[in-house]
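Participant: Structure: target_12.pdb, PDB, C-alpha atoms.
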ATOM      1  CA  MET A  10     108.779 103.519 120.239  1.00  0.00           C
ATOM      2  CA  GLU A  11     105.307 104.825 119.391  1.00  0.00           C
ATOM      3  CA  ASP A  12     104.229 101.279 118.515  1.00  0.00           C
ATOM      4  CA  VAL A  13     105.306 100.155 121.986  1.00  0.00           C
ATOM      5  CA  PHE A  14     103.527 103.107 123.596  1.00  0.00           C
ATOM      6  CA  ARG A  15     100.296 102.310 121.743  1.00  0.00           C
ATOM      7  CA  LEU A  16     100.610  98.694 122.875  1.00  0.00           C
ATOM      8  CA  LEU A  17     100.939  99.866 126.480  1.00  0.00           C
ATOM      9  CA  ASP A  18      98.034 102.292 126.005  1.00  0.00           C
ATOM     10  CA  GLY A  19      95.938  99.282 125.009  1.00  0.00           C
ATOM     11  CA  LEU A  20      96.527  97.574 128.343  1.00  0.00           C
ATOM     12  CA  PHE A  21      94.100 100.034 129.910  1.00  0.00           C
ATOM     13  CA  ALA A  22      90.344  99.609 129.717  1.00  0.00           C
ATOM     14  CA  PRO A  23      88.887 102.005 127.105  1.00  0.00           C
ATOM     15  CA  GLU A  24      86.964 103.943 129.749  1.00  0.00           C
ATOM     16  CA  ALA A  25      90.249 104.642 131.594  1.00  0.00           C
ATOM     17  CA  ASP A  26      91.675 106.583 128.643  1.00  0.00           C
ATOM     18  CA  ARG A  27      92.123 110.283 129.380  1.00  0.00           C
ATOM     19  CA  TRP A  28      95.266 110.964 127.338  1.00  0.00           C
ATOM     20  CA  THR A  29      94.796 109.848 123.704  1.00  0.00           C
ATOM     21  CA  ALA A  30      92.629 111.297 120.943  1.00  0.00           C
ATOM     22  CA  ASP A  31      90.076 108.569 121.730  1.00  0.00           C
ATOM     23  CA  ALA A  32      89.423 110.323 125.052  1.00  0.00           C
ATOM     24  CA  ALA A  33      88.021 113.431 123.362  1.00  0.00           C
ATOM     25  CA  ASP A  34      84.420 112.249 123.781  1.00  0.00           C
ATOM     26  CA  TRP A  35      84.903 111.712 127.533  1.00  0.00           C
ATOM     27  CA  TRP A  36      86.342 115.193 127.973  1.00  0.00           C
ATOM     28  CA  ASP A  37      83.600 116.677 125.784  1.00  0.00           C
ATOM     29  CA  GLY A  38      81.048 115.209 128.188  1.00  0.00           C
ATOM     30  CA  PHE A  39      82.991 116.620 131.118  1.00  0.00           C
ATOM     31  CA  TYR A  40      82.988 120.137 129.640  1.00  0.00           C
ATOM     32  CA  ALA A  41      79.474 120.010 128.141  1.00  0.00           C
ATOM     33  CA  ASP A  42      77.773 121.841 131.032  1.00  0.00           C
ATOM     34  CA  ARG A  43      79.635 125.098 131.556  1.00  0.00           C
ATOM     35  CA  THR A  44      77.589 125.860 134.692  1.00  0.00           C
ATOM     36  CA  LYS A  45      78.819 122.855 136.676  1.00  0.00           C
ATOM     37  CA  PRO A  46      80.394 123.865 140.016  1.00  0.00           C
ATOM     38  CA  VAL A  47      83.852 122.615 139.053  1.00  0.00           C
ATOM     39  CA  PRO A  48      86.496 124.897 140.646  1.00  0.00           C
ATOM     40  CA  PHE A  49      88.708 125.113 137.572  1.00  0.00           C
ATOM     41  CA  PHE A  50      85.780 125.946 135.280  1.00  0.00           C
ATOM     42  CA  ALA A  51      85.960 129.491 136.629  1.00  0.00           C
ATOM     43  CA  ALA A  52      87.926 131.944 134.490  1.00  0.00           C
ATOM     44  CA  LYS A  53      90.733 132.199 137.041  1.00  0.00           C
ATOM     45  CA  PRO A  54      94.437 131.529 136.436  1.00  0.00           C
ATOM     46  CA  ASP A  55      96.482 129.245 138.666  1.00  0.00           C
ATOM     47  CA  GLU A  56      97.781 131.167 141.667  1.00  0.00           C
ATOM     48  CA  ASN A  57     101.292 129.808 141.156  1.00  0.00           C
ATOM     49  CA  LEU A  58     101.370 131.019 137.548  1.00  0.00           C
ATOM     50  CA  VAL A  59     100.278 134.478 138.686  1.00  0.00           C
ATOM     51  CA  SER A  60     102.986 134.403 141.357  1.00  0.00           C
ATOM     52  CA  TYR A  61     105.739 133.447 138.891  1.00  0.00           C
ATOM     53  CA  LEU A  62     104.843 136.423 136.717  1.00  0.00           C
ATOM     54  CA  GLU A  63     104.509 138.879 139.588  1.00  0.00           C
ATOM     55  CA  ARG A  64     107.916 137.891 140.994  1.00  0.00           C
ATOM     56  CA  GLY A  65     109.611 137.968 137.599  1.00  0.00           C
ATOM     57  CA  LEU A  66     110.498 134.261 137.690  1.00  0.00           C
ATOM     58  CA  VAL A  67     109.108 134.019 134.167  1.00  0.00           C
ATOM     59  CA  THR A  68     108.881 136.863 131.686  1.00  0.00           C
ATOM     60  CA  PRO A  69     106.782 137.293 128.525  1.00  0.00           C
ATOM     61  CA  GLY A  70     107.748 135.336 125.437  1.00  0.00           C
ATOM     62  CA  ARG A  71     106.157 132.412 123.602  1.00  0.00           C
ATOM     63  CA  ALA A  72     104.044 130.114 125.787  1.00  0.00           C
ATOM     64  CA  LEU A  73     102.283 126.768 125.404  1.00  0.00           C
ATOM     65  CA  ASP A  74      99.282 125.954 127.611  1.00  0.00           C
ATOM     66  CA  LEU A  75      99.227 122.156 127.674  1.00  0.00           C
ATOM     67  CA  GLY A  76      95.771 120.629 128.261  1.00  0.00           C
ATOM     68  CA  CYS A  77      94.313 124.123 128.322  1.00  0.00           C
ATOM     69  CA  GLY A  78      90.665 123.215 129.060  1.00  0.00           C
ATOM     70  CA  PRO A  79      88.476 126.343 128.868  1.00  0.00           C
ATOM     71  CA  GLY A  80      91.548 128.544 128.485  1.00  0.00           C
ATOM     72  CA  ARG A  81      91.783 130.249 131.870  1.00  0.00           C
ATOM     73  CA  ASN A  82      95.597 130.146 132.034  1.00  0.00           C
ATOM     74  CA  ALA A  83      96.056 130.871 128.336  1.00  0.00           C
ATOM     75  CA  LEU A  84      94.008 134.051 128.750  1.00  0.00           C
ATOM     76  CA  HIS A  85      96.111 135.190 131.691  1.00  0.00           C
ATOM     77  CA  LEU A  86      99.340 134.580 129.795  1.00  0.00           C
ATOM     78  CA  ALA A  87      98.039 136.501 126.778  1.00  0.00           C
ATOM     79  CA  ALA A  88      97.020 139.414 129.027  1.00  0.00           C
ATOM     80  CA  ALA A  89     100.540 139.384 130.521  1.00  0.00           C
ATOM     81  CA  GLY A  90     102.095 139.862 127.088  1.00  0.00           C
ATOM     82  CA  PHE A  91     102.834 136.305 125.995  1.00  0.00           C
ATOM     83  CA  GLU A  92     102.296 134.954 122.498  1.00  0.00           C
ATOM     84  CA  VAL A  93     100.214 131.924 123.442  1.00  0.00           C
ATOM     85  CA  ASP A  94      99.430 128.576 121.857  1.00  0.00           C
ATOM     86  CA  ALA A  95      97.000 126.309 123.692  1.00  0.00           C
ATOM     87  CA  VAL A  96      96.100 122.677 123.029  1.00  0.00           C
ATOM     88  CA  ASP A  97      93.496 120.267 124.370  1.00  0.00           C
ATOM     89  CA  LEU A  98      91.986 116.936 123.323  1.00  0.00           C
ATOM     90  CA  SER A  99      88.412 118.165 123.762  1.00  0.00           C
ATOM     91  CA  PRO A 100      86.611 120.127 121.029  1.00  0.00           C
ATOM     92  CA  ALA A 101      84.112 121.297 123.674  1.00  0.00           C
ATOM     93  CA  ALA A 102      86.922 122.714 125.816  1.00  0.00           C
ATOM     94  CA  ILE A 103      88.524 124.443 122.832  1.00  0.00           C
ATOM     95  CA  ASP A 104      85.174 125.960 121.772  1.00  0.00           C
ATOM     96  CA  TRP A 105      84.684 127.318 125.289  1.00  0.00           C
ATOM     97  CA  ALA A 106      88.233 128.680 125.391  1.00  0.00           C
ATOM     98  CA  ARG A 107      87.769 130.389 122.028  1.00  0.00           C
ATOM     99  CA  ASP A 108      84.537 131.968 123.262  1.00  0.00           C
ATOM    100  CA  ARG A 109      86.379 133.364 126.276  1.00  0.00           C
ATOM    101  CA  ALA A 110      89.215 134.649 124.108  1.00  0.00           C
ATOM    102  CA  ARG A 111      86.783 136.450 121.800  1.00  0.00           C
ATOM    103  CA  GLU A 112      85.074 138.079 124.780  1.00  0.00           C
ATOM    104  CA  ALA A 113      88.449 139.215 126.117  1.00  0.00           C
ATOM    105  CA  GLY A 114      89.761 140.318 122.722  1.00  0.00           C
ATOM    106  CA  ALA A 115      92.736 137.968 123.130  1.00  0.00           C
ATOM    107  CA  GLU A 116      94.731 136.505 120.258  1.00  0.00           C
ATOM    108  CA  ILE A 117      95.521 132.896 121.210  1.00  0.00           C
ATOM    109  CA  GLY A 118      96.413 130.001 118.924  1.00  0.00           C
ATOM    110  CA  PHE A 119      94.019 127.290 120.092  1.00  0.00           C
ATOM    111  CA  ARG A 120      94.353 123.787 118.669  1.00  0.00           C
ATOM    112  CA  CYS A 121      92.343 120.638 119.310  1.00  0.00           C
ATOM    113  CA  GLY A 122      94.466 117.500 119.306  1.00  0.00           C
ATOM    114  CA  ASP A 123      97.110 115.359 120.965  1.00  0.00           C
ATOM    115  CA  ALA A 124      99.994 117.522 122.144  1.00  0.00           C
ATOM    116  CA  PHE A 125     102.248 114.472 122.438  1.00  0.00           C
ATOM    117  CA  ASP A 126     101.829 113.291 118.859  1.00  0.00           C
ATOM    118  CA  PRO A 127     105.360 113.208 117.407  1.00  0.00           C
ATOM    119  CA  ALA A 128     104.133 112.853 113.813  1.00  0.00           C
ATOM    120  CA  GLY A 129     104.200 116.561 113.110  1.00  0.00           C
ATOM    121  CA  THR A 130     100.719 117.568 114.282  1.00  0.00           C
ATOM    122  CA  GLY A 131     101.725 118.547 117.812  1.00  0.00           C
ATOM    123  CA  PRO A 132     102.984 121.932 119.033  1.00  0.00           C
ATOM    124  CA  ARG A 133     106.031 123.120 117.126  1.00  0.00           C
ATOM    125  CA  GLY A 134     107.630 125.605 119.456  1.00  0.00           C
ATOM    126  CA  PRO A 135     110.032 126.913 120.354  1.00  0.00           C
ATOM    127  CA  TYR A 136     108.470 128.096 123.623  1.00  0.00           C
ATOM    128  CA  ASP A 137     109.907 130.089 126.492  1.00  0.00           C
ATOM    129  CA  LEU A 138     107.256 128.680 128.846  1.00  0.00           C
ATOM    130  CA  VAL A 139     105.250 125.459 128.875  1.00  0.00           C
ATOM    131  CA  HIS A 140     102.443 125.409 131.447  1.00  0.00           C
ATOM    132  CA  ASP A 141     100.759 122.123 132.397  1.00  0.00           C
ATOM    133  CA  SER A 142      97.873 122.450 134.821  1.00  0.00           C
ATOM    134  CA  GLY A 143      96.303 119.054 135.390  1.00  0.00           C
ATOM    135  CA  CYS A 144      97.449 117.208 132.274  1.00  0.00           C
ATOM    136  CA  PHE A 145     100.491 115.335 133.592  1.00  0.00           C
ATOM    137  CA  HIS A 146      98.679 113.447 136.361  1.00  0.00           C
ATOM    138  CA  HIS A 147      96.275 111.902 133.815  1.00  0.00           C
ATOM    139  CA  LEU A 148      99.112 110.214 131.918  1.00  0.00           C
ATOM    140  CA  PRO A 149      99.961 106.540 132.533  1.00  0.00           C
ATOM    141  CA  PRO A 150     103.565 105.888 133.591  1.00  0.00           C
ATOM    142  CA  HIS A 151     104.913 105.089 130.110  1.00  0.00           C
ATOM    143  CA  ARG A 152     103.538 108.356 128.718  1.00  0.00           C
ATOM    144  CA  ARG A 153     105.815 110.351 131.002  1.00  0.00           C
ATOM    145  CA  VAL A 154     108.379 109.660 128.290  1.00  0.00           C
ATOM    146  CA  SER A 155     106.080 111.356 125.755  1.00  0.00           C
ATOM    147  CA  HIS A 156     105.767 114.361 128.045  1.00  0.00           C
ATOM    148  CA  LEU A 157     109.531 114.635 128.485  1.00  0.00           C
ATOM    149  CA  ALA A 158     110.028 114.259 124.739  1.00  0.00           C
ATOM    150  CA  LEU A 159     107.610 117.141 124.118  1.00  0.00           C
ATOM    151  CA  LEU A 160     109.542 119.385 126.505  1.00  0.00           C
ATOM    152  CA  ASP A 161     112.786 118.371 124.841  1.00  0.00           C
ATOM    153  CA  ARG A 162     111.364 119.279 121.425  1.00  0.00           C
ATOM    154  CA  VAL A 163     109.709 122.601 122.177  1.00  0.00           C
ATOM    155  CA  LEU A 164     111.219 124.214 125.299  1.00  0.00           C
ATOM    156  CA  VAL A 165     114.071 126.622 124.584  1.00  0.00           C
ATOM    157  CA  PRO A 166     117.345 126.442 126.537  1.00  0.00           C
ATOM    158  CA  GLY A 167     116.798 128.616 129.581  1.00  0.00           C
ATOM    159  CA  GLY A 168     113.024 128.241 129.212  1.00  0.00           C
ATOM    160  CA  HIS A 169     110.624 127.299 132.004  1.00  0.00           C
ATOM    161  CA  PHE A 170     108.196 124.452 132.593  1.00  0.00           C
ATOM    162  CA  SER A 171     105.366 125.115 135.030  1.00  0.00           C
ATOM    163  CA  LEU A 172     103.447 122.148 136.476  1.00  0.00           C
ATOM    164  CA  THR A 173     100.374 121.660 138.633  1.00  0.00           C
ATOM    165  CA  CYS A 174      99.540 118.067 139.578  1.00  0.00           C
ATOM    166  CA  PHE A 175      97.953 115.829 142.238  1.00  0.00           C
ATOM    167  CA  ALA A 176      99.838 115.660 145.545  1.00  0.00           C
ATOM    168  CA  ALA A 177     100.431 112.311 147.218  1.00  0.00           C
ATOM    169  CA  GLY A 178      98.530 112.068 150.472  1.00  0.00           C
ATOM    170  CA  ALA A 179      95.933 114.575 149.327  1.00  0.00           C
ATOM    171  CA  MET A 180      94.527 113.601 145.909  1.00  0.00           C
ATOM    172  CA  GLY A 181      95.044 110.881 143.308  1.00  0.00           C
ATOM    173  CA  SER A 182      96.203 107.274 143.343  1.00  0.00           C
ATOM    174  CA  GLU A 183      99.469 106.231 144.973  1.00  0.00           C
ATOM    175  CA  LEU A 184      99.677 102.710 143.543  1.00  0.00           C
ATOM    176  CA  ASP A 185     102.969 101.391 142.262  1.00  0.00           C
ATOM    177  CA  ASP A 186     103.319 102.002 138.539  1.00  0.00           C
ATOM    178  CA  ALA A 187     102.969  98.297 137.696  1.00  0.00           C
ATOM    179  CA  ASP A 188      99.611  98.108 139.507  1.00  0.00           C
ATOM    180  CA  PHE A 189      98.002 100.578 137.104  1.00  0.00           C
ATOM    181  CA  TYR A 190      98.705  98.137 134.273  1.00  0.00           C
ATOM    182  CA  ARG A 191      97.572  95.120 136.294  1.00  0.00           C
ATOM    183  CA  GLN A 192      94.278  96.825 137.130  1.00  0.00           C
ATOM    184  CA  SER A 193      93.823  98.543 133.719  1.00  0.00           C
ATOM    185  CA  ARG A 194      92.854 101.750 135.516  1.00  0.00           C
ATOM    186  CA  LEU A 195      94.392 105.069 136.519  1.00  0.00           C
ATOM    187  CA  HIS A 196      91.880 105.583 139.344  1.00  0.00           C
ATOM    188  CA  GLY A 197      91.209 109.202 138.486  1.00  0.00           C
ATOM    189  CA  GLY A 198      94.828 110.275 138.167  1.00  0.00           C
ATOM    190  CA  LEU A 199      98.274 109.644 139.586  1.00  0.00           C
ATOM    191  CA  ALA A 200      99.522 111.280 142.772  1.00  0.00           C
ATOM    192  CA  TYR A 201     103.109 112.478 143.015  1.00  0.00           C
ATOM    193  CA  ALA A 202     105.547 113.206 145.811  1.00  0.00           C
ATOM    194  CA  PRO A 203     108.219 115.920 145.503  1.00  0.00           C
ATOM    195  CA  ASP A 204     111.065 113.409 145.131  1.00  0.00           C
ATOM    196  CA  GLY A 205     109.179 111.688 142.322  1.00  0.00           C
ATOM    197  CA  LEU A 206     108.736 114.946 140.432  1.00  0.00           C
ATOM    198  CA  ARG A 207     112.395 115.831 140.881  1.00  0.00           C
ATOM    199  CA  ARG A 208     113.388 112.396 139.576  1.00  0.00           C
ATOM    200  CA  ILE A 209     111.093 112.480 136.529  1.00  0.00           C
ATOM    201  CA  PHE A 210     112.173 115.985 135.547  1.00  0.00           C
ATOM    202  CA  SER A 211     115.789 115.499 136.622  1.00  0.00           C
ATOM    203  CA  ASP A 212     117.138 117.080 133.410  1.00  0.00           C
ATOM    204  CA  LEU A 213     115.538 120.358 134.486  1.00  0.00           C
ATOM    205  CA  GLU A 214     116.554 122.672 137.319  1.00  0.00           C
ATOM    206  CA  VAL A 215     114.055 123.134 140.159  1.00  0.00           C
ATOM    207  CA  VAL A 216     113.209 126.804 140.647  1.00  0.00           C
ATOM    208  CA  GLU A 217     110.322 126.249 143.066  1.00  0.00           C
ATOM    209  CA  LEU A 218     108.335 123.250 144.289  1.00  0.00           C
ATOM    210  CA  ARG A 219     105.510 123.731 146.785  1.00  0.00           C
ATOM    211  CA  ARG A 220     101.878 122.969 147.510  1.00  0.00           C
ATOM    212  CA  MET A 221      99.341 125.163 145.799  1.00  0.00           C
ATOM    213  CA  ARG A 222      97.849 127.799 148.041  1.00  0.00           C
ATOM    214  CA  ASP A 223      94.216 127.447 149.057  1.00  0.00           C
ATOM    215  CA  GLU A 224      92.460 130.361 147.391  1.00  0.00           C
ATOM    216  CA  PRO A 225      89.045 131.470 148.751  1.00  0.00           C
ATOM    217  CA  PRO A 226      86.024 131.513 146.404  1.00  0.00           C
ATOM    218  CA  ARG A 227      86.240 135.271 145.820  1.00  0.00           C
ATOM    219  CA  SER A 228      89.934 135.189 144.971  1.00  0.00           C
ATOM    220  CA  PRO A 229      90.845 136.175 141.396  1.00  0.00           C
ATOM    221  CA  CYS A 230      93.092 133.092 141.287  1.00  0.00           C
ATOM    222  CA  PHE A 231      92.501 129.339 141.334  1.00  0.00           C
ATOM    223  CA  GLY A 232      94.170 127.468 144.171  1.00  0.00           C
ATOM    224  CA  GLU A 233      93.586 124.056 145.778  1.00  0.00           C
ATOM    225  CA  PRO A 234      95.963 122.643 148.430  1.00  0.00           C
ATOM    226  CA  PHE A 235      95.656 119.047 147.150  1.00  0.00           C
ATOM    227  CA  LEU A 236      97.953 120.007 144.249  1.00  0.00           C
ATOM    228  CA  TRP A 237     101.687 120.397 143.865  1.00  0.00           C
ATOM    229  CA  THR A 238     103.007 123.358 141.931  1.00  0.00           C
ATOM    230  CA  ALA A 239     106.463 123.286 140.402  1.00  0.00           C
ATOM    231  CA  LEU A 240     108.545 125.590 138.266  1.00  0.00           C
ATOM    232  CA  PHE A 241     111.474 124.021 136.425  1.00  0.00           C
ATOM    233  CA  ARG A 242     114.079 125.636 134.188  1.00  0.00           C
ATOM    234  CA  ARG A 243     115.800 124.013 131.253  1.00  0.00           C
ATOM    235  CA  PRO A 244     119.535 124.641 131.545  1.00  0.00           C
ATOM    236  CA  ALA A 245     120.912 127.133 129.070  1.00  0.00           C
ATOM    237  CA  SER A 246     123.095 125.769 126.317  1.00  0.00           C
ATOM    238  CA  THR A 247     126.797 125.750 127.058  1.00  0.00           C
ATOM    239  CA  PRO A 248     129.316 127.100 124.515  1.00  0.00           C
TER     240      PRO A 248
END
Could you show the structure in this file as structure tokens?
Facilitator:
Amino acid sequence: MEDVFRLLDGLFAPEADRWTADAADWWDGFYADRTKPVPFFAAKPDENLVSYLERGLVTPGRALDLGCGPGRNALHLAAAGFEVDAVDLSPAAIDWARDRAREAGAEIGFRCGDAFDPAGTGPRGPYDLVHDSGCFHHLPPHRRVSHLALLDRVLVPGGHFSLTCFAAGAMGSELDDADFYRQSRLHGGLAYAPDGLRRIFSDLEVVELRRMRDEPPRSPCFGEPFLWTALFRRPASTP
């Protein structure tokens, strides 16, 4: 299967790659200037993640921050009592996240690499929570299978998957899946509708699915209304 996935990966122009280890240089360039006015460069957790914790929808345990960037959500989870692992393709992002963790005195297991690599180098789990803020919408259609396989490997029965991704009609490309391969581009990321997310993650139970709240600049949380937020639960094992 991985041979087929790599073949499909190769149908995209090299500069379109945002999801394999070869994309590390692109992401390093993106994160090189820490002063850029990029909203999610600020050390603020996602407002939906904060809300899940405040309402008791998720409780402390082991957590994986998938595509962690500069570590803003990993830091919040650690402060809330989670044992956190965090992974990203970009060495520059991981260096920045480690700097923030040192400043905060947080113990977080940061790792630079491909979270979807099934060859034994990816996250091991088990995890009670997997949080994906902005990783999923940069995957081409065939790599959704890799994402689902990761959740199947590492998420405990009864565990939660938290997702933030581009919302159709607000941000991202709404082409048919086949057109991404025909054009060899992802056009900045894929947009999703609620029914599409429910279909892709149909093996999980929907706890909450809504648009992200628009958080003002002075808010302690990150929030942009062009994103969907979703909390899914893996069904508990039956006797």
Participant: Restricting the calculation to only C-alpha atoms: of A:Gly114, A:Pro244, A:Pro149, A:Gly232, which residue gets closest to Ser193 (chain A)?
Facilitator: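 Under the stated criterion, the closest residue is A:Pro149.
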Participant: Measuring atom to atom with all atoms listed in the file, identify which of A:Tyr61, A:Phe175, A:Phe235, A:Tyr40 is nearest to His140 (chain A).
Facilitator: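 Of all the options, A:Tyr61 lies closest to His140 (chain A).
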Participant: Please determine, counting only C-alpha atoms, which residue among A:Glu24, A:Glu56, A:Asp74, A:Glu63 has the shortest atom-to-atom distance to Trp237 (chain A).
Facilitator: A:Glu56
Participant: Compile the contact shell of Gly90 (chain A) as a PyMOL selection string: residues with an atom at most 10 Å away, counting only C-alpha atoms, same-chain residues fewer than 2 positions apart removed.
Facilitator: chain A and resi 68-71+85-88+92-93
Participant: What does the distance between CA of Asp186 (chain A) and CA of Phe21 (chain A) come to in Å, to one decimal place?
Facilitator: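 So the two atoms, CA of Asp186 (chain A) and CA of Phe21 (chain A), lie 12.8 Å apart.
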Participant: When distances are computed from only C-alpha atoms, which of A:Ala179, A:Ala245, A:Ile209, A:Val96 shows the smallest separation from Asp126 (chain A)?
Facilitator: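 Using only C-alpha atoms, the shortest distance to Asp126 (chain A) belongs to A:Val96.
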Participant: For this structure, which residues satisfy the selection - the PyMOL selection byres ((chain A and resi 11) around 12) - when it is evaluated on the file as given? I want them as a ChimeraX atom specification.
Facilitator: /A:10,12-18,125-128,151-152,154-155,158
Participant: Go through A:Phe50, A:Trp105, A:Phe231, A:Tyr136 one by one, measure the shortest atom-to-atom distance of each to Asp161 (chain A) using all atoms listed in the file, and give the residue with the smallest value.
Facilitator: A:Tyr136
Participant: Using all atoms listed in the file, pick whichever of A:Leu138, A:Asn82, A:Trp28, A:Asp55 has the shortest atom-to-atom distance to Leu98 (chain A).
Facilitator: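 The shortest atom-to-atom distance to Leu98 (chain A) comes from A:Trp28.
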Participant: What does the distance between CA of Leu20 (chain A) and CA of Arg194 (chain A) come to in Å, to one decimal place?
Facilitator: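 Interatomic distance, CA of Leu20 (chain A) to CA of Arg194 (chain A): 9.1 Å.
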Participant: If the PyMOL selection byres ((chain A and resi 146) around 9) is run on the structure shown, which residues does it catch, given as a VMD selection string?
Facilitator: chain A and resid 143 to 145 147 to 149 173 to 175 181 197 to 201
Participant: Evaluated on this file, the PyMOL selection byres ((chain A and resi 230) around 12) picks out some residues - which ones are they, written as a list in words?
Facilitator: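 After applying the PyMOL selection byres ((chain A and resi 230) around 12), what remains is Pro48, Phe49, Phe50, Ala51, Ala52, Lys53, Pro54, Asp55, Glu56, Asn57, Leu58, Val59, Ser60, Arg81, Asn82, His85, Met221, Arg222, Asp223, Glu224, Pro225, Pro226, Arg227, Ser228, Pro229, Phe231, Gly232 and Glu233 of chain A.
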Participant: Using C-alpha atoms, can you write the selected residues to a file as a PDB file, in the coordinates of the input?
Facilitator:
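And here is the file that came out, part_13.pdb:
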ATOM      1  CA  PRO A  48      86.496 124.897 140.646  1.00  0.00           C
ATOM      2  CA  PHE A  49      88.708 125.113 137.572  1.00  0.00           C
ATOM      3  CA  PHE A  50      85.780 125.946 135.280  1.00  0.00           C
ATOM      4  CA  ALA A  51      85.960 129.491 136.629  1.00  0.00           C
ATOM      5  CA  ALA A  52      87.926 131.944 134.490  1.00  0.00           C
ATOM      6  CA  LYS A  53      90.733 132.199 137.041  1.00  0.00           C
ATOM      7  CA  PRO A  54      94.437 131.529 136.436  1.00  0.00           C
ATOM      8  CA  ASP A  55      96.482 129.245 138.666  1.00  0.00           C
ATOM      9  CA  GLU A  56      97.781 131.167 141.667  1.00  0.00           C
ATOM     10  CA  ASN A  57     101.292 129.808 141.156  1.00  0.00           C
ATOM     11  CA  LEU A  58     101.370 131.019 137.548  1.00  0.00           C
ATOM     12  CA  VAL A  59     100.278 134.478 138.686  1.00  0.00           C
ATOM     13  CA  SER A  60     102.986 134.403 141.357  1.00  0.00           C
ATOM     14  CA  ARG A  81      91.783 130.249 131.870  1.00  0.00           C
ATOM     15  CA  ASN A  82      95.597 130.146 132.034  1.00  0.00           C
ATOM     16  CA  HIS A  85      96.111 135.190 131.691  1.00  0.00           C
ATOM     17  CA  MET A 221      99.341 125.163 145.799  1.00  0.00           C
ATOM     18  CA  ARG A 222      97.849 127.799 148.041  1.00  0.00           C
ATOM     19  CA  ASP A 223      94.216 127.447 149.057  1.00  0.00           C
ATOM     20  CA  GLU A 224      92.460 130.361 147.391  1.00  0.00           C
ATOM     21  CA  PRO A 225      89.045 131.470 148.751  1.00  0.00           C
ATOM     22  CA  PRO A 226      86.024 131.513 146.404  1.00  0.00           C
ATOM     23  CA  ARG A 227      86.240 135.271 145.820  1.00  0.00           C
ATOM     24  CA  SER A 228      89.934 135.189 144.971  1.00  0.00           C
ATOM     25  CA  PRO A 229      90.845 136.175 141.396  1.00  0.00           C
ATOM     26  CA  PHE A 231      92.501 129.339 141.334  1.00  0.00           C
ATOM     27  CA  GLY A 232      94.170 127.468 144.171  1.00  0.00           C
ATOM     28  CA  GLU A 233      93.586 124.056 145.778  1.00  0.00           C
TER      29      GLU A 233
END
Participant: CA of Glu116 (chain A) and CA of Arg242 (chain A), how far apart in Å?
Facilitator: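 One can read the CA of Arg242 (chain A) to CA of Glu116 (chain A) distance as 26.2 Å.
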Participant: Would you pick out the contacts of Leu159 (chain A) at 10 Å or less, using all atoms listed in the file, so that residues sharing its chain but fewer than 6 positions from it are not included, and give the list as a VMD selection string?
Facilitator: chain A and resid 124 to 127 131 to 134 139 153
Participant: Compile the contact shell of Arg220 (chain A) as a ChimeraX atom specification: residues with an atom at most 7 Å away, counting all atoms listed in the file, same-chain residues fewer than 6 positions apart removed.
Facilitator: /A:234,236-238
